[in-house]
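Enquirer: Next up is a structure, given as structure tokens.
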Amino acid sequence: MPTVRRVKIGFLGGSFDPVHFGHLLAAQDAFEQHHLDRLVLVPAAQAPLKPTDVQSSSEDRLAMLRAAVEWDKRFEISDVELRRGGVSYTIDSARHFRALYPKDELYWIIGGDQLPKLHLWLEIEALAQLVEFIFLERPGFPVKAAQQIPGLKLHRCDGHLLAISSTELRERTRRSLSLDYFVPHKAIVYIRQQGLYRDMA
């Protein structure tokens with residue numbers, strides 16, 4: 001019997017409020033360096049460590065993400081966390097995706113700055129049994145220390161990390177500054193059409 005190759009699927013979560021080129025370069029770097037077959041973007045309803053990070057509705061953030069990547073066949077979007085609502089814990093999504101893809105290799109993509117905090121993630125030991133982690137660092141930078149977590153599998157990715165924050169981009173919009181070169185054009189068009197971030201306090 002021929003061996004069936006396991007599909008390698010990467011997942012990149014975030015608020016994506018708005019999606020920007022930092023997110024998409026991280027996804028592309030992980031996809032290419034680790035030879036992933038699929039890359040799934042997973043917008044969070046509410047990030048547990050950033051309770052005030054979301055300004056836009058789930059519908060708007062999903063629409064911006066779709067506008068940004070719908071042309072790129074490498075990337076997919078899952079709205080599982082948006083549909084679930086509440087605080088989005090990675091363990092819940094990992095269980096969902098493991099049930100969907102029981103025989104495949106699943107990789108959760110994070111920033112290298114998350115390594116020292118991984119032991120604080122909800123049910124991290126159970127999570128480490130469900131997915132492996134790809135962490136992004138700048139080329140030439142040493143790996144940040146991670147706490148000892150049973151079963152944890154880490155894979156470094158030398159990423160084109162950009163110093164862009166969604167908070168900064170929302171503020172730029174409020175001040176009528178350009179989002180060009182920060183945000184994909186179709187997402188910018190959506191932001192303008194919907195008047196997003198204009199009424200921030």
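Note on naming: chains are A, B, ... as they come in the structure tokens, residues start from 1 per chain, ligands start from 1 in the order shown.
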Mind the document's chain letters and residue numbers, and return as a VMD selection string the residues of stretch 3-158 of chain A that DSSP labels alpha helix (DSSP H).

Expert: chain A and resid 21 to 33 58 to 69 80 to 84 90 to 100 124 to 130

Enquirer: Okay, now the selection with C-alpha atoms, as a PDB file, in the first residue's frame?

Expert:
```pdb
ATOM      1  CA  PHE A  21       1.296  43.481   5.274  1.00  0.00           C
ATOM      2  CA  GLY A  22       2.991  42.377   8.493  1.00  0.00           C
ATOM      3  CA  HIS A  23       0.332  39.700   8.910  1.00  0.00           C
ATOM      4  CA  LEU A  24       0.536  38.590   5.304  1.00  0.00           C
ATOM      5  CA  LEU A  25       4.339  38.480   5.154  1.00  0.00           C
ATOM      6  CA  ALA A  26       4.341  36.342   8.306  1.00  0.00           C
ATOM      7  CA  ALA A  27       1.887  33.964   6.646  1.00  0.00           C
ATOM      8  CA  GLN A  28       3.919  33.825   3.440  1.00  0.00           C
ATOM      9  CA  ASP A  29       7.245  33.311   5.247  1.00  0.00           C
ATOM     10  CA  ALA A  30       5.847  30.399   7.262  1.00  0.00           C
ATOM     11  CA  PHE A  31       4.163  28.913   4.188  1.00  0.00           C
ATOM     12  CA  GLU A  32       7.358  28.991   2.133  1.00  0.00           C
ATOM     13  CA  GLN A  33      10.018  28.122   4.713  1.00  0.00           C
ATOM     14  CA  SER A  58     -16.558  40.616  13.113  1.00  0.00           C
ATOM     15  CA  GLU A  59     -18.264  41.198   9.753  1.00  0.00           C
ATOM     16  CA  ASP A  60     -15.984  44.113   8.872  1.00  0.00           C
ATOM     17  CA  ARG A  61     -12.781  42.332   9.890  1.00  0.00           C
ATOM     18  CA  LEU A  62     -13.769  39.246   7.930  1.00  0.00           C
ATOM     19  CA  ALA A  63     -14.625  41.364   4.880  1.00  0.00           C
ATOM     20  CA  MET A  64     -11.264  43.204   5.046  1.00  0.00           C
ATOM     21  CA  LEU A  65      -9.408  39.904   5.272  1.00  0.00           C
ATOM     22  CA  ARG A  66     -11.315  38.467   2.335  1.00  0.00           C
ATOM     23  CA  ALA A  67     -10.638  41.595   0.269  1.00  0.00           C
ATOM     24  CA  ALA A  68      -6.933  41.328   1.068  1.00  0.00           C
ATOM     25  CA  VAL A  69      -6.343  37.665   0.180  1.00  0.00           C
ATOM     26  CA  VAL A  80     -14.697  29.544  13.452  1.00  0.00           C
ATOM     27  CA  GLU A  81     -13.623  31.916  16.258  1.00  0.00           C
ATOM     28  CA  LEU A  82     -15.885  34.717  15.036  1.00  0.00           C
ATOM     29  CA  ARG A  83     -18.861  32.354  14.960  1.00  0.00           C
ATOM     30  CA  ARG A  84     -18.026  30.999  18.407  1.00  0.00           C
ATOM     31  CA  THR A  90      -6.190  28.735  20.796  1.00  0.00           C
ATOM     32  CA  ILE A  91      -6.913  25.413  22.512  1.00  0.00           C
ATOM     33  CA  ASP A  92     -10.564  25.563  21.411  1.00  0.00           C
ATOM     34  CA  SER A  93      -9.627  26.254  17.796  1.00  0.00           C
ATOM     35  CA  ALA A  94      -6.883  23.626  17.815  1.00  0.00           C
ATOM     36  CA  ARG A  95      -9.392  21.003  18.983  1.00  0.00           C
ATOM     37  CA  HIS A  96     -11.776  22.112  16.226  1.00  0.00           C
ATOM     38  CA  PHE A  97      -9.130  21.843  13.512  1.00  0.00           C
ATOM     39  CA  ARG A  98      -7.702  18.576  14.864  1.00  0.00           C
ATOM     40  CA  ALA A  99     -11.193  17.067  14.645  1.00  0.00           C
ATOM     41  CA  LEU A 100     -11.469  18.308  11.051  1.00  0.00           C
ATOM     42  CA  ILE A 124      -0.839  24.711  26.889  1.00  0.00           C
ATOM     43  CA  GLU A 125       0.171  21.081  27.556  1.00  0.00           C
ATOM     44  CA  ALA A 126      -2.966  19.813  25.831  1.00  0.00           C
ATOM     45  CA  LEU A 127      -2.391  22.325  23.019  1.00  0.00           C
ATOM     46  CA  ALA A 128       1.164  21.039  22.527  1.00  0.00           C
ATOM     47  CA  GLN A 129      -0.293  17.577  21.844  1.00  0.00           C
ATOM     48  CA  LEU A 130      -2.565  18.945  19.104  1.00  0.00           C
TER      49      LEU A 130
END
```

Enquirer: For stretch 3-15 of chain A, list every protein, DNA or RNA residue within 6 Å, evaluated using only C-alpha atoms, and leave out those in the same chain fewer than 4 positions away; present the list as a ChimeraX atom specification.

Expert: /A:36-44,104-109

Enquirer: With only C-alpha atoms as the basis for distance, which of A:Leu196, A:Cys157, A:Ala163, A:Val131 is at the shortest distance from A:Lys103?

Expert: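 Nearest candidate to A:Lys103 out of A:Leu196, A:Cys157, A:Ala163, A:Val131: A:Val131.
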
Enquirer: Write out as a list of chain:residue names the residues lying within 7 Å of A:Gly112, counting only C-alpha atoms and excluding same-chain residues fewer than 6 positions away.

Expert: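 The filter keeps A:Phe135, A:Leu136, A:Glu137, A:Lys144.
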
Enquirer: Applying 6 Å and only C-alpha atoms, which residues near A:Ser166 remain after dropping the ones on its own chain fewer than 3 positions away? List them as a list in words.

Expert: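 The filter keeps Asp17, Pro18 and Leu169 of chain A.
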
Enquirer: Give the answer as one residue: which of A:Ser56, A:Asp79, A:Tyr197, A:Leu162 has the shortest atom-to-atom distance to A:Tyr181, using only C-alpha atoms?

Expert: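 Selected residue with least distance to A:Tyr181: A:Leu162.
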
Enquirer: So what do you get for atom CA of A:Pro184 versus atom CA of A:Ser165, distance-wise?

Expert: 14.3 Å

Enquirer: Of the candidates A:Ser88, A:Gln193, A:Asp72, A:Leu161, which shows the shortest atom-to-atom distance to A:Asp113, using only C-alpha atoms?

Expert: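 Going through A:Ser88, A:Gln193, A:Asp72, A:Leu161 one by one, the smallest distance to A:Asp113 is for A:Leu161.
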